[in-house]
>>> print(open('run35.pdb').read())   # PDB, C-alpha atoms
ATOM      1  CA  MET W   1      13.817 -12.075   3.778  1.00  0.00           C
ATOM      2  CA  THR W   2      10.732 -13.309   5.592  1.00  0.00           C
ATOM      3  CA  ALA W   3       7.395 -13.377   3.790  1.00  0.00           C
ATOM      4  CA  CYS W   4       5.069 -10.601   4.948  1.00  0.00           C
ATOM      5  CA  ILE W   5       1.481  -9.424   4.480  1.00  0.00           C
ATOM      6  CA  SER W   6       0.579  -5.745   5.066  1.00  0.00           C
ATOM      7  CA  PHE W   7      -2.849  -4.114   5.078  1.00  0.00           C
ATOM      8  CA  PHE W   8      -3.441  -0.439   4.204  1.00  0.00           C
ATOM      9  CA  PRO W   9      -6.685   1.336   5.201  1.00  0.00           C
ATOM     10  CA  VAL W  10      -7.553   3.104   1.945  1.00  0.00           C
ATOM     11  CA  GLY W  11     -11.331   3.328   2.303  1.00  0.00           C
ATOM     12  CA  ASN W  12     -14.030   0.921   1.097  1.00  0.00           C
ATOM     13  CA  GLY W  13     -11.970  -2.144   1.998  1.00  0.00           C
ATOM     14  CA  ASP W  14      -8.275  -2.436   2.556  1.00  0.00           C
ATOM     15  CA  MET W  15      -5.429  -2.747   0.108  1.00  0.00           C
ATOM     16  CA  THR W  16      -3.171  -5.741   0.732  1.00  0.00           C
ATOM     17  CA  LEU W  17       0.543  -6.111   0.008  1.00  0.00           C
ATOM     18  CA  VAL W  18       2.032  -9.606  -0.062  1.00  0.00           C
ATOM     19  CA  GLU W  19       5.833  -9.791  -0.036  1.00  0.00           C
ATOM     20  CA  THR W  20       7.338 -13.220  -0.735  1.00  0.00           C
ATOM     21  CA  GLU W  21      10.556 -14.659   0.665  1.00  0.00           C
ATOM     22  CA  GLY W  22      12.069 -14.178  -2.791  1.00  0.00           C
ATOM     23  CA  GLY W  23      11.422 -10.425  -2.684  1.00  0.00           C
ATOM     24  CA  HIS W  24       8.435 -10.334  -5.029  1.00  0.00           C
ATOM     25  CA  ARG W  25       5.594  -7.929  -4.221  1.00  0.00           C
ATOM     26  CA  ILE W  26       1.934  -8.535  -5.011  1.00  0.00           C
ATOM     27  CA  LEU W  27      -0.419  -5.599  -4.490  1.00  0.00           C
ATOM     28  CA  ILE W  28      -4.112  -6.516  -4.230  1.00  0.00           C
ATOM     29  CA  ASP W  29      -7.025  -4.092  -4.587  1.00  0.00           C
ATOM     30  CA  MET W  30      -4.913  -0.956  -5.066  1.00  0.00           C
ATOM     31  CA  ASN W  31      -6.586   2.376  -4.302  1.00  0.00           C
ATOM     32  CA  ILE W  32      -4.319   5.433  -4.558  1.00  0.00           C
ATOM     33  CA  ARG W  33      -6.310   8.426  -3.331  1.00  0.00           C
ATOM     34  CA  ALA W  34      -5.716  12.138  -3.963  1.00  0.00           C
ATOM     35  CA  ALA W  35      -6.310  12.798  -0.241  1.00  0.00           C
ATOM     36  CA  ALA W  36      -2.906  11.173   0.426  1.00  0.00           C
ATOM     37  CA  ASP W  37      -1.246  14.309  -1.012  1.00  0.00           C
ATOM     38  CA  ASP W  38      -2.740  16.417   1.809  1.00  0.00           C
ATOM     39  CA  PRO W  39      -0.302  16.472   4.777  1.00  0.00           C
ATOM     40  CA  ASP W  40      -3.240  17.150   7.145  1.00  0.00           C
ATOM     41  CA  ASP W  41      -5.085  13.994   6.003  1.00  0.00           C
ATOM     42  CA  GLY W  42      -4.293  10.570   7.452  1.00  0.00           C
ATOM     43  CA  THR W  43      -4.767   8.731   4.155  1.00  0.00           C
ATOM     44  CA  PRO W  44      -1.731   6.493   3.457  1.00  0.00           C
ATOM     45  CA  ASP W  45       0.456   7.654   0.543  1.00  0.00           C
ATOM     46  CA  VAL W  46       0.629   4.301  -1.227  1.00  0.00           C
ATOM     47  CA  ALA W  47       2.413   5.654  -4.311  1.00  0.00           C
ATOM     48  CA  LYS W  48       5.200   7.165  -2.203  1.00  0.00           C
ATOM     49  CA  ASN W  49       5.620   3.948  -0.218  1.00  0.00           C
ATOM     50  CA  PHE W  50       6.230   2.002  -3.415  1.00  0.00           C
ATOM     51  CA  GLY W  51       8.512   4.467  -5.193  1.00  0.00           C
ATOM     52  CA  LYS W  52       5.890   5.880  -7.582  1.00  0.00           C
ATOM     53  CA  GLY W  53       5.476   9.310  -6.036  1.00  0.00           C
TER      54      GLY W  53
END
>>> encode(input="run35.pdb", output="C-alpha cells")
Amino acid sequence: MTACISFFPVGNGDMTLVETEGGHRILIDMNIRAAADDPDDGTPDVAKNFGKG
C-alpha cells in the first residue's frame, strides 16, 4: 500500500485522513455532520466512509 493523504470538506476547515504504508489510519480534526444523512445535501458522509454508519 502507498501512503496517502485525503482532505474532506466538512465546513470550518477540512478534515484530514492520513493513511500510512502499513495500513494505519490517522484522522485529524474530525467533524461528522448531521447534514451528511440528507441525500440532497453534498456534505460528505464521513462515518459511512469509515465503517461507522
>>> resolve_selection(input="run35.pdb", expression="the PyMOL selection byres ((chain W and resi 27) around 7)", output="list in words")
Thr16, Leu17, Val18, Arg25, Ile26, Ile28, Asp29 and Met30 of chain W
>>> write_last_selection(input="run35.pdb", atoms="C-alpha atoms", output="compact mmCIF listing (two decimals), in the frame of the given file")
# COMPACT_ATOMS: atom_id res chain seq x y z
CA THR W 16 -3.17 -5.74 0.73
CA LEU W 17 0.54 -6.11 0.01
CA VAL W 18 2.03 -9.61 -0.06
CA ARG W 25 5.59 -7.93 -4.22
CA ILE W 26 1.93 -8.54 -5.01
CA ILE W 28 -4.11 -6.52 -4.23
CA ASP W 29 -7.02 -4.09 -4.59
CA MET W 30 -4.91 -0.96 -5.07
>>> resolve_selection(input="run35.pdb", expression="the PyMOL selection byres ((chain W and resi 43) around 8)", output="PyMOL selection string")
chain W and resi 9-10+33+35-36+41-42+44-45
>>> resolve_selection(input="run35.pdb", expression="the PyMOL selection byres ((chain W and resi 3) around 12)", output="VMD selection string")
chain W and resid 1 to 2 4 to 6 17 to 26
